[in-house]
Amino acid sequence: MNEQVMNNILRIDSSAHQGASVTREIGDEVVRRLVTRQQKASVVEVDLAEGMPHIDADWIGASFTPAGQRDSQQRARLAVSDDAIEALKQADAMVLTVPVYNFSVPSTLKAWIDHVCRAGVTFRYTDKGPEGLLRDRPVYLVMASGGVAFGSAVDFASGYLRQVLRFIGIEDVRLIGAERVAADADAARESALAQLDEWLPGLAGRAA
């Protein structure tokens, strides 16, 4: 595994639980290990539980208007999207924590995806098909499910997220999955941390 310098880490949490959350707990450990390796790394945190506006007809109209022709209202309508994309561009690594809700991802995360997937900005269409415009970087995809096994026929979340990230140019996705939490939460956490050990071996032990 060819590691790179990770000065800027973008963390995005999407669980509706802002307290007791398996994905947030494991996300804390991922960030701790990344910062241990890169002492001067800065971490930008985005908590989608605080809300993310959905796109609408005005957003679509503004997005497909050439940048130089947008009026002040259109620029304002795209401000959330512009900020989300800029944070993504600046990140050397990303920690994305995602619970599985009803076989898929939280609606606020879907809203964030709609904001960052913009034609001509993060992807473009070519004669050979769509091409991602963002540079590749590691994404530590922390997921938890109540009963879904990742990679199974009813896992519509992890494959979707891999495709979305690939669509905008990010191929290096490192899944850390705590599956079937409802059956045995402790075992699910331990399994996820064992997967994390493969990507980021603990340098000073796990966080308490």
# chains A, B, ... in the order shown; residues from 1 in each chain; ligands from 1
call {"tool": "select_by_dssp", "arguments": {"residues": "chain A", "states": "alpha helix (DSSP H)", "output": "VMD selection string"}}
result
chain A and resid 22 to 37 57 to 63 72 to 77 79 to 90 107 to 116 158 to 167 185 to 199
call {"tool": "residues_around", "arguments": {"residues": "Pro53 in chain A", "least_positions_apart": "2", "cutoff": "7 Å", "atoms": "only C-alpha atoms", "output": "ChimeraX atom specification"}}
result
/A:51,55,111
call {"tool": "write_last_selection", "arguments": {"atoms": "N, CA and C atoms", "output": "JSON list (two decimals), in the first residue's frame"}}
result
[["chain", "number", "residue", "atom", "x", "y", "z"],
["A", 51, "GLY", "N", -27.80, 18.86, 9.12],
["A", 51, "GLY", "CA", -28.63, 19.24, 7.98],
["A", 51, "GLY", "C", -27.82, 19.48, 6.72],
["A", 55, "ILE", "N", -30.99, 19.47, -3.42],
["A", 55, "ILE", "CA", -31.00, 20.25, -4.65],
["A", 55, "ILE", "C", -32.43, 20.36, -5.17],
["A", 111, "ALA", "N", -27.96, 13.85, -0.12],
["A", 111, "ALA", "CA", -28.01, 15.27, -0.47],
["A", 111, "ALA", "C", -26.60, 15.82, -0.69]]
call {"tool": "atom_distance", "arguments": {"atom1": "CA of Arg33 in chain A", "atom2": "CA of Leu196 in chain A"}}
result
9.7 Å
call {"tool": "residues_around", "arguments": {"residues": "Ala93 in chain A", "least_positions_apart": "4", "cutoff": "8 Å", "atoms": "only C-alpha atoms", "output": "mmCIF file with C-alpha atoms, in the first residue's frame"}}
result
data_model
loop_
_atom_site.group_PDB
_atom_site.id
_atom_site.type_symbol
_atom_site.label_atom_id
_atom_site.label_comp_id
_atom_site.auth_asym_id
_atom_site.auth_seq_id
_atom_site.Cartn_x
_atom_site.Cartn_y
_atom_site.Cartn_z
ATOM 1 C CA MET A 6 -1.951 13.455 4.531
ATOM 2 C CA ASN A 8 -5.540 17.689 5.215
ATOM 3 C CA ILE A 9 -8.113 15.194 6.441
ATOM 4 C CA LEU A 10 -11.796 15.630 5.651
ATOM 5 C CA ARG A 137 -6.900 9.924 -2.447
ATOM 6 C CA PRO A 138 -7.606 7.374 0.321
ATOM 7 C CA VAL A 139 -11.168 7.250 1.590
ATOM 8 C CA TYR A 140 -11.668 5.373 4.855
#
call {"tool": "residues_around", "arguments": {"residues": "Gln18 in chain A", "least_positions_apart": "5", "cutoff": "9 Å", "atoms": "only C-alpha atoms", "output": "PyMOL selection string"}}
result
chain A and resi 13+24+47+49
call {"tool": "write_last_selection", "arguments": {"atoms": "C-alpha atoms", "output": "mmCIF file, in the first residue's frame"}}
result
data_model
loop_
_atom_site.group_PDB
_atom_site.id
_atom_site.type_symbol
_atom_site.label_atom_id
_atom_site.label_comp_id
_atom_site.auth_asym_id
_atom_site.auth_seq_id
_atom_site.Cartn_x
_atom_site.Cartn_y
_atom_site.Cartn_z
ATOM 1 C CA ASP A 13 -20.280 11.981 9.572
ATOM 2 C CA ARG A 24 -18.742 7.884 14.749
ATOM 3 C CA ASP A 47 -21.606 16.691 10.456
ATOM 4 C CA ALA A 49 -26.796 15.341 11.058
#
call {"tool": "residues_around", "arguments": {"residues": "Trp112 in chain A", "least_positions_apart": "3", "cutoff": "10 Å", "atoms": "only C-alpha atoms", "output": "list in words"}}
result
Ile12, Ser14, Leu48, Gly51, Met52, Pro53, His54, Ile55, Val80, Ser81, Ala84, Ile85, Ser107, Thr108, Leu109, His115, Val116 and Cys117 of chain A
call {"tool": "residues_around", "arguments": {"residues": "Arg11 in chain A", "least_positions_apart": "2", "cutoff": "9 Å", "atoms": "only C-alpha atoms", "output": "list in words"}}
result
Ile9, Asp13, Gly27, Val31, Val43, Val44, Glu45, Val46, Asp47, Ala93, Met94, Val95, Leu96 and Thr97 of chain A
call {"tool": "residues_around", "arguments": {"residues": "Glu198 in chain A", "least_positions_apart": "6", "cutoff": "12 Å", "atoms": "only C-alpha atoms", "output": "count of residues only"}}
result
8
call {"tool": "closest_residue", "arguments": {"among": "A:Phe156, A:Ala182, A:Val121, A:Pro201", "to": "Glu86 in chain A", "atoms": "only C-alpha atoms"}}
result
A:Val121
call {"tool": "closest_residue", "arguments": {"among": "A:Ser15, A:Thr126, A:Gln4, A:Ser63", "to": "Val100 in chain A", "atoms": "only C-alpha atoms"}}
result
A:Ser15
call {"tool": "select_by_dssp", "arguments": {"residues": "range 134-203 of chain A", "states": "strand (DSSP E or B)", "output": "list in words"}}
result
Val139, Tyr140, Leu141, Val142, Met143, Ala144, Val173, Arg174, Leu175, Ile176, Gly177 and Ala178 of chain A
call {"tool": "atom_distance", "arguments": {"atom1": "CA of Trp59 in chain A", "atom2": "CA of Leu78 in chain A"}}
result
6.6 Å
call {"tool": "atom_distance", "arguments": {"atom1": "CA of Val105 in chain A", "atom2": "CA of Lys128 in chain A"}}
result
29.3 Å
call {"tool": "closest_residue", "arguments": {"among": "A:Glu50, A:Gln38, A:Asp58, A:Pro99", "to": "Ser21 in chain A", "atoms": "only C-alpha atoms"}}
result
A:Pro99
call {"tool": "decode", "arguments": {"residues": "range 3-100 of chain A", "atoms": "C-alpha atoms", "output": "PDB file, in the first residue's frame"}}
result
ATOM      1  CA  GLU A   3       0.843   5.865   1.455  1.00  0.00           C
ATOM      2  CA  GLN A   4       1.032   9.586   0.812  1.00  0.00           C
ATOM      3  CA  VAL A   5       1.418  12.630   3.015  1.00  0.00           C
ATOM      4  CA  MET A   6      -1.951  13.455   4.531  1.00  0.00           C
ATOM      5  CA  ASN A   7      -1.818  17.055   5.689  1.00  0.00           C
ATOM      6  CA  ASN A   8      -5.540  17.689   5.215  1.00  0.00           C
ATOM      7  CA  ILE A   9      -8.113  15.194   6.441  1.00  0.00           C
ATOM      8  CA  LEU A  10     -11.796  15.630   5.651  1.00  0.00           C
ATOM      9  CA  ARG A  11     -14.182  13.836   7.997  1.00  0.00           C
ATOM     10  CA  ILE A  12     -17.847  13.533   7.104  1.00  0.00           C
ATOM     11  CA  ASP A  13     -20.280  11.981   9.572  1.00  0.00           C
ATOM     12  CA  SER A  14     -23.797  11.053   8.492  1.00  0.00           C
ATOM     13  CA  SER A  15     -25.351   9.165  11.407  1.00  0.00           C
ATOM     14  CA  ALA A  16     -28.456  10.804  12.839  1.00  0.00           C
ATOM     15  CA  HIS A  17     -27.056   9.843  16.253  1.00  0.00           C
ATOM     16  CA  GLN A  18     -24.617  12.523  17.363  1.00  0.00           C
ATOM     17  CA  GLY A  19     -23.845  10.682  20.581  1.00  0.00           C
ATOM     18  CA  ALA A  20     -23.923   6.886  20.693  1.00  0.00           C
ATOM     19  CA  SER A  21     -22.973   5.922  17.152  1.00  0.00           C
ATOM     20  CA  VAL A  22     -20.880   2.967  16.052  1.00  0.00           C
ATOM     21  CA  THR A  23     -19.730   4.728  12.885  1.00  0.00           C
ATOM     22  CA  ARG A  24     -18.742   7.884  14.749  1.00  0.00           C
ATOM     23  CA  GLU A  25     -16.894   5.854  17.390  1.00  0.00           C
ATOM     24  CA  ILE A  26     -14.867   3.967  14.788  1.00  0.00           C
ATOM     25  CA  GLY A  27     -14.411   7.180  12.805  1.00  0.00           C
ATOM     26  CA  ASP A  28     -12.797   8.714  15.905  1.00  0.00           C
ATOM     27  CA  GLU A  29     -10.275   5.876  15.918  1.00  0.00           C
ATOM     28  CA  VAL A  30      -9.521   6.248  12.210  1.00  0.00           C
ATOM     29  CA  VAL A  31      -8.848   9.959  12.642  1.00  0.00           C
ATOM     30  CA  ARG A  32      -6.737   9.313  15.735  1.00  0.00           C
ATOM     31  CA  ARG A  33      -4.518   6.914  13.822  1.00  0.00           C
ATOM     32  CA  LEU A  34      -4.197   9.226  10.837  1.00  0.00           C
ATOM     33  CA  VAL A  35      -3.226  12.175  13.032  1.00  0.00           C
ATOM     34  CA  THR A  36      -0.761   9.973  14.958  1.00  0.00           C
ATOM     35  CA  ARG A  37       1.002   9.341  11.659  1.00  0.00           C
ATOM     36  CA  GLN A  38       0.833  12.935  10.480  1.00  0.00           C
ATOM     37  CA  GLN A  39       1.227  15.114  13.565  1.00  0.00           C
ATOM     38  CA  LYS A  40       0.648  18.377  11.717  1.00  0.00           C
ATOM     39  CA  ALA A  41      -2.448  17.189   9.903  1.00  0.00           C
ATOM     40  CA  SER A  42      -5.525  19.392  10.062  1.00  0.00           C
ATOM     41  CA  VAL A  43      -8.973  17.815  10.290  1.00  0.00           C
ATOM     42  CA  VAL A  44     -12.034  19.438   8.751  1.00  0.00           C
ATOM     43  CA  GLU A  45     -15.233  17.978  10.217  1.00  0.00           C
ATOM     44  CA  VAL A  46     -18.626  18.025   8.521  1.00  0.00           C
ATOM     45  CA  ASP A  47     -21.606  16.691  10.456  1.00  0.00           C
ATOM     46  CA  LEU A  48     -24.482  15.992   8.107  1.00  0.00           C
ATOM     47  CA  ALA A  49     -26.796  15.341  11.058  1.00  0.00           C
ATOM     48  CA  GLU A  50     -26.905  19.123  11.367  1.00  0.00           C
ATOM     49  CA  GLY A  51     -28.633  19.241   7.979  1.00  0.00           C
ATOM     50  CA  MET A  52     -27.862  19.403   4.269  1.00  0.00           C
ATOM     51  CA  PRO A  53     -30.188  21.123   1.795  1.00  0.00           C
ATOM     52  CA  HIS A  54     -31.485  19.078  -1.097  1.00  0.00           C
ATOM     53  CA  ILE A  55     -30.996  20.247  -4.651  1.00  0.00           C
ATOM     54  CA  ASP A  56     -34.000  21.600  -6.549  1.00  0.00           C
ATOM     55  CA  ALA A  57     -34.900  23.094  -9.923  1.00  0.00           C
ATOM     56  CA  ASP A  58     -33.193  26.406  -9.071  1.00  0.00           C
ATOM     57  CA  TRP A  59     -30.010  24.550  -8.105  1.00  0.00           C
ATOM     58  CA  ILE A  60     -30.036  22.570 -11.342  1.00  0.00           C
ATOM     59  CA  GLY A  61     -30.603  25.715 -13.378  1.00  0.00           C
ATOM     60  CA  ALA A  62     -27.715  27.467 -11.638  1.00  0.00           C
ATOM     61  CA  SER A  63     -25.434  24.455 -12.040  1.00  0.00           C
ATOM     62  CA  PHE A  64     -25.969  24.281 -15.790  1.00  0.00           C
ATOM     63  CA  THR A  65     -25.566  28.032 -16.287  1.00  0.00           C
ATOM     64  CA  PRO A  66     -21.972  28.908 -17.307  1.00  0.00           C
ATOM     65  CA  ALA A  67     -20.095  30.284 -14.301  1.00  0.00           C
ATOM     66  CA  GLY A  68     -19.524  33.662 -15.912  1.00  0.00           C
ATOM     67  CA  GLN A  69     -23.229  34.079 -16.615  1.00  0.00           C
ATOM     68  CA  ARG A  70     -24.630  33.264 -13.177  1.00  0.00           C
ATOM     69  CA  ASP A  71     -26.410  36.018 -11.299  1.00  0.00           C
ATOM     70  CA  SER A  72     -26.057  36.624  -7.571  1.00  0.00           C
ATOM     71  CA  GLN A  73     -29.006  34.386  -6.699  1.00  0.00           C
ATOM     72  CA  GLN A  74     -27.569  31.493  -8.698  1.00  0.00           C
ATOM     73  CA  ARG A  75     -24.155  31.904  -7.100  1.00  0.00           C
ATOM     74  CA  ALA A  76     -25.805  31.901  -3.685  1.00  0.00           C
ATOM     75  CA  ARG A  77     -27.787  28.770  -4.570  1.00  0.00           C
ATOM     76  CA  LEU A  78     -24.538  26.951  -5.408  1.00  0.00           C
ATOM     77  CA  ALA A  79     -22.621  28.152  -2.344  1.00  0.00           C
ATOM     78  CA  VAL A  80     -23.157  24.970  -0.325  1.00  0.00           C
ATOM     79  CA  SER A  81     -22.097  22.870  -3.312  1.00  0.00           C
ATOM     80  CA  ASP A  82     -19.035  25.023  -3.979  1.00  0.00           C
ATOM     81  CA  ASP A  83     -17.914  24.785  -0.347  1.00  0.00           C
ATOM     82  CA  ALA A  84     -18.429  21.005  -0.228  1.00  0.00           C
ATOM     83  CA  ILE A  85     -16.467  20.493  -3.443  1.00  0.00           C
ATOM     84  CA  GLU A  86     -13.640  22.775  -2.313  1.00  0.00           C
ATOM     85  CA  ALA A  87     -13.311  20.846   0.968  1.00  0.00           C
ATOM     86  CA  LEU A  88     -13.160  17.619  -1.030  1.00  0.00           C
ATOM     87  CA  LYS A  89     -10.513  19.004  -3.392  1.00  0.00           C
ATOM     88  CA  GLN A  90      -8.325  20.126  -0.501  1.00  0.00           C
ATOM     89  CA  ALA A  91      -8.461  16.768   1.301  1.00  0.00           C
ATOM     90  CA  ASP A  92      -5.482  14.432   1.146  1.00  0.00           C
ATOM     91  CA  ALA A  93      -7.581  11.764   2.846  1.00  0.00           C
ATOM     92  CA  MET A  94     -11.236  11.385   3.699  1.00  0.00           C
ATOM     93  CA  VAL A  95     -12.983   9.626   6.573  1.00  0.00           C
ATOM     94  CA  LEU A  96     -16.606   8.959   5.657  1.00  0.00           C
ATOM     95  CA  THR A  97     -18.786   7.415   8.370  1.00  0.00           C
ATOM     96  CA  VAL A  98     -22.050   5.910   7.167  1.00  0.00           C
ATOM     97  CA  PRO A  99     -24.748   3.877   8.899  1.00  0.00           C
ATOM     98  CA  VAL A 100     -26.978   1.744   6.695  1.00  0.00           C
TER      99      VAL A 100
END
